[in-house]
Amino acid sequence: MAATDHPRLILHNFLSPDLCKELEFIHKSCSTIGYRPNVFSTTLSHLIATNSPHLIMPFVPIRERLKEKVEEFFGCEYELFIEFTGLISWTRGASIGWHSDDNRSYLKQRDFAAVCYLNSYGVDFEGGLFHFQDGEPATIFPMAGDVVMYTADSRNIHSVDEISGGERLTLTLWFSRDRSHDEDAKLISFISQIPSDSKSDLYLPLPASNNMYWFPPDKASGFDIRYARLHVLGYDLYSSQDKSYFSAVESSIDSSELLIEPLQLARGEELFNKEFSNILHALQVVQFYCWKASELQTSEGNKKSDNKMPISETQWDRSRFLKFVFVKDWQLAETILGRVSTAQQNFDWASFSDAIAAWEAYTSKYRRQILMSLPYWNTHQFIFSDPAAGLEEGT
């Protein structure tokens, strides 16, 4: 490591564009309310808790590469432990002043940080520049694929400008010399509690507590971020529950049960025939489609789809009821998450139907990998790429 009072490293194009998009898919289909105002987060433990442990697999080789680079650059004569791994997005109004990453007594175990940018300043968001208080470079302009590494102590005090538009997305890791803060041991323990049965429905996502998705927290107005992410992409939800159930829920303080029941997607005046197990299931498929749309919309994507039908007036009323309950402030949702105009989307139900099969294949692949890797992880008590399981970036 070069002698410096402010040790830090900037690497360009550390992550491939498709890997950035894959992590964006995971975050936008799984995130919850974050630790700061207008911030959303997706932790590995949350993925496991919501029955999506297979989605930690894309992180495994990235974590290894980052840990190796941190140990090499900072001249560590000891093995570091990954203390935290998470996807964090900052939306309009989010910012943070000058601080070091170990500036609380409960954060003193943090020795090094790595921040990977998954989207780009000036393209996907405005504002959100990263500044170091001292040393060079003084300002980081986030660009997809780049990573900044630095010591977590007072030698690298930094801040982030307020986001003025869009959603700034990062993969953030902290590293510790203290084995007792090793994230891997905790994650392996959580994963080991999940049944290894071969039934595919065991890997359908299960929503967490409803209050983890409501923005702003502790306010009656606002929106459920799962439904809002569907809304800004032009989708609505429909439930076939009978009217008596709707009446009961409408008068209830907690209506979250509606989102853990089977749901259908609607778009414009059309209803998709397939039912999804719950809102997270629907959201994962929609976000997967957003990620893979250009691959799915081939010449065959122009074929007619038999999986749609006109939405009736009664169905439309029920769909509007759901949006009224879960996106109370749609203008706030569009301000925070950004509205994607229909003109920007080359959408067709046929390619969306293909996305369901592709999502199931994607899920099945990672499911096999995690089941093959878990015995080795349990033996060694750390998470690593097992070549036999195909754990390499892009496989």
# chains A, B, ... in the order shown; residues from 1 in each chain; ligands from 1
>>> residues_around(residues="region 41-58 of chain A", least_positions_apart="5", cutoff="9 Å", atoms="only C-alpha atoms", output="JSON, numbers by chain")
{"A": [19, 22, 23, 26, 27, 28, 30, 31, 32, 33, 34, 35, 84, 85, 86, 87, 88, 89, 90, 186, 187, 190, 191, 194, 202, 203, 204, 205, 206, 207, 208, 363, 364, 365, 366, 367, 368, 369, 370, 371, 385, 391, 392, 393, 394]}
>>> closest_atom_pairs(of="region 305-358 of chain A", to="region 254-274 of chain A", cutoff="9 Å", atoms="only C-alpha atoms", output="tab-separated table")
residue	atom	partner	partner_atom	distance
A:Asp306	CA	A:Asn273	CA	8.5
A:Asn307	CA	A:Asn273	CA	5.1
A:Lys308	CA	A:Phe272	CA	4.4
A:Met309	CA	A:Leu271	CA	5.3
A:Pro310	CA	A:Glu270	CA	4.6
A:Ile311	CA	A:Glu270	CA	5.1
A:Ser312	CA	A:Glu269	CA	8.4
A:Gln315	CA	A:Leu271	CA	8.8
A:Trp316	CA	A:Glu269	CA	8.4
A:Ser319	CA	A:Ala266	CA	8.1
A:Leu322	CA	A:Leu258	CA	8.2
A:Val325	CA	A:Ser255	CA	7.8
A:Phe326	CA	A:Ser256	CA	8.8
A:Trp349	CA	A:Phe272	CA	7.8
>>> write_last_selection(atoms="N, CA, C and O atoms", output="compact mmCIF listing (two decimals), in the first residue's frame")
# COMPACT_ATOMS: atom_id res chain seq x y z
N ASP A 306 -51.84 -15.83 -25.01
CA ASP A 306 -53.14 -16.33 -24.56
C ASP A 306 -53.32 -16.11 -23.07
O ASP A 306 -54.32 -16.54 -22.50
N ASN A 307 -52.35 -15.46 -22.44
CA ASN A 307 -52.37 -15.32 -20.98
C ASN A 307 -52.92 -13.99 -20.51
O ASN A 307 -52.74 -13.61 -19.36
N LYS A 308 -53.62 -13.28 -21.39
CA LYS A 308 -54.21 -12.01 -21.00
C LYS A 308 -55.68 -12.00 -21.37
O LYS A 308 -56.14 -12.75 -22.23
N MET A 309 -56.42 -11.12 -20.71
CA MET A 309 -57.82 -10.96 -21.04
C MET A 309 -58.24 -9.54 -20.68
O MET A 309 -57.57 -8.89 -19.86
N PRO A 310 -59.31 -9.05 -21.27
CA PRO A 310 -59.77 -7.71 -20.91
C PRO A 310 -60.19 -7.69 -19.45
O PRO A 310 -60.79 -8.64 -18.94
N ILE A 311 -59.87 -6.61 -18.76
CA ILE A 311 -60.25 -6.49 -17.36
C ILE A 311 -61.67 -5.95 -17.28
O ILE A 311 -62.03 -4.99 -17.97
N SER A 312 -62.50 -6.61 -16.46
CA SER A 312 -63.89 -6.19 -16.34
C SER A 312 -64.00 -4.98 -15.41
O SER A 312 -63.05 -4.64 -14.68
N GLN A 315 -63.52 -6.12 -11.84
CA GLN A 315 -62.10 -6.39 -11.57
C GLN A 315 -61.32 -5.09 -11.46
O GLN A 315 -60.43 -4.95 -10.61
N TRP A 316 -61.65 -4.12 -12.29
CA TRP A 316 -60.98 -2.84 -12.25
C TRP A 316 -61.24 -2.12 -10.93
O TRP A 316 -60.34 -1.51 -10.34
N SER A 319 -59.11 -3.70 -8.34
CA SER A 319 -57.72 -3.31 -8.54
C SER A 319 -57.48 -1.90 -8.00
O SER A 319 -56.48 -1.63 -7.33
N LEU A 322 -57.19 -1.90 -4.22
CA LEU A 322 -55.88 -2.30 -3.73
C LEU A 322 -54.88 -1.15 -3.81
O LEU A 322 -54.11 -0.91 -2.87
N VAL A 325 -55.46 1.38 -1.08
CA VAL A 325 -55.00 0.93 0.23
C VAL A 325 -53.48 1.01 0.35
O VAL A 325 -52.94 1.43 1.37
N PHE A 326 -52.76 0.62 -0.73
CA PHE A 326 -51.31 0.43 -0.62
C PHE A 326 -50.47 1.50 -1.31
O PHE A 326 -49.25 1.54 -1.10
N TRP A 349 -47.20 -9.03 -23.44
CA TRP A 349 -47.48 -10.11 -22.51
C TRP A 349 -46.80 -11.41 -22.90
O TRP A 349 -46.49 -12.24 -22.04
>>> residues_around(residues="Tyr213 (chain A)", least_positions_apart="2", cutoff="7 Å", atoms="only C-alpha atoms", output="CSV table (one decimal) with N, CA, C and O atoms, in the first residue's frame")
chain,number,residue,atom,x,y,z
A,32,THR,N,-36.4,-3.3,1.6
A,32,THR,CA,-37.3,-2.8,2.6
A,32,THR,C,-36.8,-1.3,3.0
A,32,THR,O,-35.9,-0.8,2.5
A,33,ILE,N,-37.6,-0.7,3.9
A,33,ILE,CA,-37.2,0.6,4.4
A,33,ILE,C,-35.8,0.6,5.0
A,33,ILE,O,-35.5,-0.4,5.8
A,210,ASN,N,-45.3,-6.2,7.4
A,210,ASN,CA,-45.8,-5.1,6.5
A,210,ASN,C,-45.1,-3.8,6.8
A,210,ASN,O,-44.8,-3.0,5.9
A,211,ASN,N,-44.8,-3.5,8.1
A,211,ASN,CA,-44.2,-2.2,8.4
A,211,ASN,C,-42.8,-2.1,7.8
A,211,ASN,O,-42.3,-0.9,7.8
A,215,PHE,N,-43.6,3.3,3.5
A,215,PHE,CA,-42.8,4.6,3.4
A,215,PHE,C,-43.8,5.8,3.3
A,215,PHE,O,-44.7,5.7,2.5
A,224,ASP,N,-46.8,1.5,0.1
A,224,ASP,CA,-46.0,0.2,0.3
A,224,ASP,C,-45.0,0.2,-0.9
A,224,ASP,O,-45.4,0.3,-2.0
A,225,ILE,N,-43.7,0.1,-0.5
A,225,ILE,CA,-42.7,0.2,-1.6
A,225,ILE,C,-42.8,-1.0,-2.6
A,225,ILE,O,-42.4,-0.8,-3.8
A,226,ARG,N,-43.4,-2.1,-2.2
A,226,ARG,CA,-43.5,-3.2,-3.2
A,226,ARG,C,-44.5,-2.9,-4.2
A,226,ARG,O,-44.3,-3.0,-5.4
>>> residues_around(residues="Arg110 (chain A)", least_positions_apart="5", cutoff="12 Å", atoms="only C-alpha atoms", output="compact mmCIF listing (two decimals) with all heavy atoms, in the first residue's frame")
# COMPACT_ATOMS: atom_id res chain seq x y z
N LEU A 80 -9.09 -10.81 6.82
CA LEU A 80 -10.22 -9.99 7.22
C LEU A 80 -11.50 -10.82 7.20
O LEU A 80 -11.59 -11.85 6.53
CB LEU A 80 -10.38 -8.80 6.27
CG LEU A 80 -9.29 -7.74 6.29
CD1 LEU A 80 -9.55 -6.70 5.21
CD2 LEU A 80 -9.20 -7.07 7.66
N PHE A 81 -12.48 -10.32 7.93
CA PHE A 81 -13.80 -10.94 7.94
C PHE A 81 -14.82 -9.93 7.42
O PHE A 81 -14.73 -8.74 7.72
CB PHE A 81 -14.17 -11.39 9.36
CG PHE A 81 -13.18 -12.33 9.96
CD1 PHE A 81 -12.16 -11.88 10.78
CD2 PHE A 81 -13.25 -13.69 9.66
CE1 PHE A 81 -11.23 -12.74 11.31
CE2 PHE A 81 -12.31 -14.58 10.19
CZ PHE A 81 -11.30 -14.10 11.01
N ILE A 82 -15.75 -10.41 6.63
CA ILE A 82 -16.79 -9.53 6.13
C ILE A 82 -17.82 -9.31 7.22
O ILE A 82 -18.44 -10.26 7.70
CB ILE A 82 -17.45 -10.12 4.86
CG1 ILE A 82 -16.40 -10.28 3.76
CG2 ILE A 82 -18.58 -9.21 4.38
CD1 ILE A 82 -16.91 -10.99 2.52
N GLU A 83 -17.96 -8.07 7.63
CA GLU A 83 -18.86 -7.74 8.74
C GLU A 83 -20.29 -7.47 8.26
O GLU A 83 -21.26 -7.76 8.95
CB GLU A 83 -18.31 -6.50 9.48
CG GLU A 83 -19.06 -6.16 10.76
CD GLU A 83 -19.92 -4.92 10.61
OE1 GLU A 83 -19.93 -4.33 9.52
OE2 GLU A 83 -20.60 -4.54 11.59
N PHE A 84 -20.42 -6.93 7.03
CA PHE A 84 -21.74 -6.59 6.51
C PHE A 84 -21.69 -6.56 4.99
O PHE A 84 -20.72 -6.08 4.39
CB PHE A 84 -22.18 -5.21 7.03
CG PHE A 84 -23.47 -4.71 6.42
CD1 PHE A 84 -24.69 -5.04 6.97
CD2 PHE A 84 -23.45 -3.91 5.28
CE1 PHE A 84 -25.88 -4.58 6.40
CE2 PHE A 84 -24.63 -3.44 4.70
CZ PHE A 84 -25.85 -3.79 5.27
N SER A 100 -17.17 9.26 9.72
CA SER A 100 -16.38 8.06 9.41
C SER A 100 -17.28 6.86 9.65
O SER A 100 -18.28 6.95 10.37
CB SER A 100 -15.12 7.98 10.29
OG SER A 100 -15.49 7.82 11.66
N ASP A 101 -16.94 5.73 9.04
CA ASP A 101 -17.82 4.57 9.12
C ASP A 101 -17.73 3.84 10.46
O ASP A 101 -18.51 2.89 10.70
CB ASP A 101 -17.53 3.60 7.98
CG ASP A 101 -18.03 4.13 6.64
OD1 ASP A 101 -18.76 5.14 6.64
OD2 ASP A 101 -17.71 3.53 5.60
N ASP A 102 -16.83 4.25 11.33
CA ASP A 102 -16.73 3.63 12.67
C ASP A 102 -17.06 4.64 13.76
O ASP A 102 -16.57 4.56 14.88
CB ASP A 102 -15.33 3.05 12.89
CG ASP A 102 -14.25 4.15 12.99
OD1 ASP A 102 -14.55 5.32 12.66
OD2 ASP A 102 -13.12 3.82 13.41
N ASN A 103 -17.92 5.62 13.43
CA ASN A 103 -18.14 6.77 14.33
C ASN A 103 -19.14 6.53 15.44
O ASN A 103 -19.58 7.47 16.08
CB ASN A 103 -18.57 8.00 13.52
CG ASN A 103 -19.94 7.82 12.87
OD1 ASN A 103 -20.45 6.70 12.77
ND2 ASN A 103 -20.53 8.92 12.43
N ARG A 104 -19.51 5.30 15.67
CA ARG A 104 -20.36 4.94 16.81
C ARG A 104 -19.69 3.81 17.58
O ARG A 104 -18.94 3.01 17.00
CB ARG A 104 -21.75 4.49 16.35
CG ARG A 104 -22.56 5.56 15.62
CD ARG A 104 -23.06 6.63 16.60
NE ARG A 104 -23.96 7.58 15.95
CZ ARG A 104 -23.58 8.67 15.31
NH1 ARG A 104 -22.28 8.97 15.22
NH2 ARG A 104 -24.47 9.48 14.76
N SER A 105 -19.98 3.72 18.86
CA SER A 105 -19.34 2.67 19.67
C SER A 105 -19.66 1.28 19.15
O SER A 105 -18.81 0.37 19.20
CB SER A 105 -19.79 2.80 21.13
OG SER A 105 -21.21 2.68 21.23
N TYR A 150 -11.75 2.18 1.24
CA TYR A 150 -11.08 3.13 2.13
C TYR A 150 -11.13 2.60 3.56
O TYR A 150 -11.92 1.70 3.89
CB TYR A 150 -11.75 4.50 2.06
CG TYR A 150 -13.26 4.49 2.27
CD1 TYR A 150 -13.81 4.63 3.54
CD2 TYR A 150 -14.13 4.32 1.19
CE1 TYR A 150 -15.17 4.61 3.74
CE2 TYR A 150 -15.50 4.30 1.38
CZ TYR A 150 -16.02 4.45 2.65
OH TYR A 150 -17.38 4.41 2.84
N THR A 151 -10.26 3.16 4.41
CA THR A 151 -10.30 2.79 5.82
C THR A 151 -11.54 3.39 6.45
O THR A 151 -11.99 4.47 6.08
CB THR A 151 -9.05 3.30 6.55
OG1 THR A 151 -8.98 4.72 6.42
CG2 THR A 151 -7.78 2.67 5.99
N ALA A 152 -12.10 2.68 7.42
CA ALA A 152 -13.37 3.10 8.02
C ALA A 152 -13.18 4.11 9.16
O ALA A 152 -14.16 4.51 9.78
CB ALA A 152 -14.12 1.87 8.53
N ASP A 153 -11.95 4.52 9.40
CA ASP A 153 -11.67 5.39 10.53
C ASP A 153 -11.62 6.87 10.12
O ASP A 153 -11.99 7.23 9.01
CB ASP A 153 -10.37 4.98 11.22
CG ASP A 153 -9.18 4.98 10.26
OD1 ASP A 153 -9.28 5.63 9.20
OD2 ASP A 153 -8.17 4.32 10.56
N SER A 154 -11.13 7.71 11.02
CA SER A 154 -11.16 9.16 10.81
C SER A 154 -10.21 9.63 9.71
O SER A 154 -10.25 10.81 9.34
CB SER A 154 -10.82 9.88 12.12
OG SER A 154 -9.54 9.50 12.58
N LEU A 173 -19.92 -3.08 1.47
CA LEU A 173 -19.37 -4.08 2.38
C LEU A 173 -18.46 -3.40 3.39
O LEU A 173 -17.75 -2.44 3.05
CB LEU A 173 -18.54 -5.14 1.64
CG LEU A 173 -19.29 -6.22 0.85
CD1 LEU A 173 -19.74 -5.70 -0.50
CD2 LEU A 173 -18.43 -7.46 0.68
N TRP A 174 -18.49 -3.89 4.62
CA TRP A 174 -17.52 -3.50 5.62
C TRP A 174 -16.74 -4.73 6.07
O TRP A 174 -17.30 -5.85 6.14
CB TRP A 174 -18.21 -2.85 6.82
CG TRP A 174 -18.59 -1.43 6.58
CD1 TRP A 174 -17.76 -0.35 6.52
CD2 TRP A 174 -19.91 -0.92 6.35
NE1 TRP A 174 -18.48 0.80 6.26
CE2 TRP A 174 -19.79 0.48 6.15
CE3 TRP A 174 -21.17 -1.50 6.28
CZ2 TRP A 174 -20.89 1.29 5.90
CZ3 TRP A 174 -22.27 -0.69 6.03
CH2 TRP A 174 -22.13 0.69 5.85
N PHE A 175 -15.46 -4.52 6.36
CA PHE A 175 -14.56 -5.60 6.73
C PHE A 175 -14.00 -5.35 8.13
O PHE A 175 -13.76 -4.19 8.51
CB PHE A 175 -13.41 -5.70 5.74
CG PHE A 175 -13.85 -5.92 4.32
CD1 PHE A 175 -14.17 -4.83 3.51
CD2 PHE A 175 -13.97 -7.19 3.79
CE1 PHE A 175 -14.58 -5.02 2.19
CE2 PHE A 175 -14.39 -7.39 2.48
CZ PHE A 175 -14.70 -6.30 1.68
N SER A 176 -13.78 -6.44 8.86
CA SER A 176 -13.31 -6.33 10.23
C SER A 176 -12.16 -7.30 10.49
O SER A 176 -12.11 -8.39 9.90
CB SER A 176 -14.46 -6.62 11.20
OG SER A 176 -14.03 -6.60 12.55
N ARG A 177 -11.27 -6.91 11.40
CA ARG A 177 -10.24 -7.84 11.86
C ARG A 177 -10.78 -8.79 12.92
O ARG A 177 -10.14 -9.79 13.26
CB ARG A 177 -9.06 -7.06 12.46
CG ARG A 177 -8.37 -6.10 11.51
CD ARG A 177 -7.19 -5.44 12.22
NE ARG A 177 -6.44 -4.54 11.36
CZ ARG A 177 -6.64 -3.23 11.26
NH1 ARG A 177 -7.61 -2.66 11.98
NH2 ARG A 177 -5.89 -2.49 10.47
N ASP A 178 -11.94 -8.48 13.44
CA ASP A 178 -12.51 -9.20 14.59
C ASP A 178 -13.41 -10.34 14.11
O ASP A 178 -14.48 -10.12 13.54
CB ASP A 178 -13.32 -8.22 15.44
CG ASP A 178 -13.81 -8.83 16.74
OD1 ASP A 178 -13.80 -10.07 16.87
OD2 ASP A 178 -14.23 -8.05 17.62
N ARG A 179 -12.97 -11.56 14.34
CA ARG A 179 -13.72 -12.74 13.90
C ARG A 179 -15.12 -12.80 14.50
O ARG A 179 -16.04 -13.35 13.91
CB ARG A 179 -12.95 -14.01 14.25
CG ARG A 179 -13.67 -15.31 13.85
CD ARG A 179 -12.94 -16.53 14.38
NE ARG A 179 -11.68 -16.73 13.69
CZ ARG A 179 -11.54 -17.43 12.57
NH1 ARG A 179 -12.62 -18.00 12.02
NH2 ARG A 179 -10.36 -17.60 12.01
N SER A 180 -15.30 -12.24 15.68
CA SER A 180 -16.62 -12.32 16.33
C SER A 180 -17.68 -11.55 15.56
O SER A 180 -18.88 -11.72 15.82
CB SER A 180 -16.54 -11.80 17.77
OG SER A 180 -16.29 -10.41 17.80
N HIS A 181 -17.27 -10.71 14.61
CA HIS A 181 -18.22 -9.96 13.79
C HIS A 181 -18.32 -10.50 12.37
O HIS A 181 -18.76 -9.81 11.47
CB HIS A 181 -17.84 -8.48 13.77
CG HIS A 181 -18.03 -7.79 15.09
ND1 HIS A 181 -19.25 -7.34 15.54
CD2 HIS A 181 -17.14 -7.53 16.09
CE1 HIS A 181 -19.11 -6.80 16.73
NE2 HIS A 181 -17.85 -6.89 17.09
N ASP A 182 -17.90 -11.74 12.21
CA ASP A 182 -17.93 -12.39 10.90
C ASP A 182 -19.38 -12.63 10.46
O ASP A 182 -20.13 -13.35 11.11
CB ASP A 182 -17.18 -13.73 10.98
CG ASP A 182 -17.16 -14.47 9.66
OD1 ASP A 182 -17.48 -13.86 8.62
OD2 ASP A 182 -16.81 -15.66 9.67
>>> select_by_dssp(residues="region 96-241 of chain A", states="alpha helix (DSSP H)", output="list in words")
Glu183, Asp184, Ala185, Lys186, Leu187, Ile188, Ser189, Phe190, Ile191, Ser192, Ile225, Arg226, Tyr227, Ala228, Arg229, Leu230 and His231 of chain A
>>> closest_residue(among="A:Ile188, A:Val340, A:Val285, A:Leu233", to="Ala361 (chain A)", atoms="only C-alpha atoms")
A:Val285
>>> closest_residue(among="A:Gln284, A:Asn119, A:Asn378, A:Ser239", to="Tyr362 (chain A)", atoms="only C-alpha atoms")
A:Gln284
>>> closest_residue(among="A:Val160, A:Tyr78, A:Lys69, A:His131", to="Ile96 (chain A)", atoms="only C-alpha atoms")
A:Val160
>>> closest_residue(among="A:Ile157, A:Glu79, A:Cys116, A:Gly135", to="Gly97 (chain A)", atoms="only C-alpha atoms")
A:Ile157
>>> select_by_dssp(residues="region 182-372 of chain A", states="strand (DSSP E or B)", output="list in words")
Trp214, Phe215, Phe223, Asp224, Asp236, Leu237, Tyr238, Leu263, Gln264, Leu265, Ala266, Arg267, Glu270, Leu271, Phe272, Phe276, Lys308, Met309, Pro310 and Val327 of chain A
>>> closest_residue(among="A:Leu332, A:His231, A:Ser16, A:Ser353", to="Tyr289 (chain A)", atoms="only C-alpha atoms")
A:Ser353
>>> atom_distance(atom1="CA of Val39 (chain A)", atom2="CA of Arg92 (chain A)")
8.9 Å
>>> atom_distance(atom1="CA of Asn38 (chain A)", atom2="CA of Thr170 (chain A)")
14.4 Å
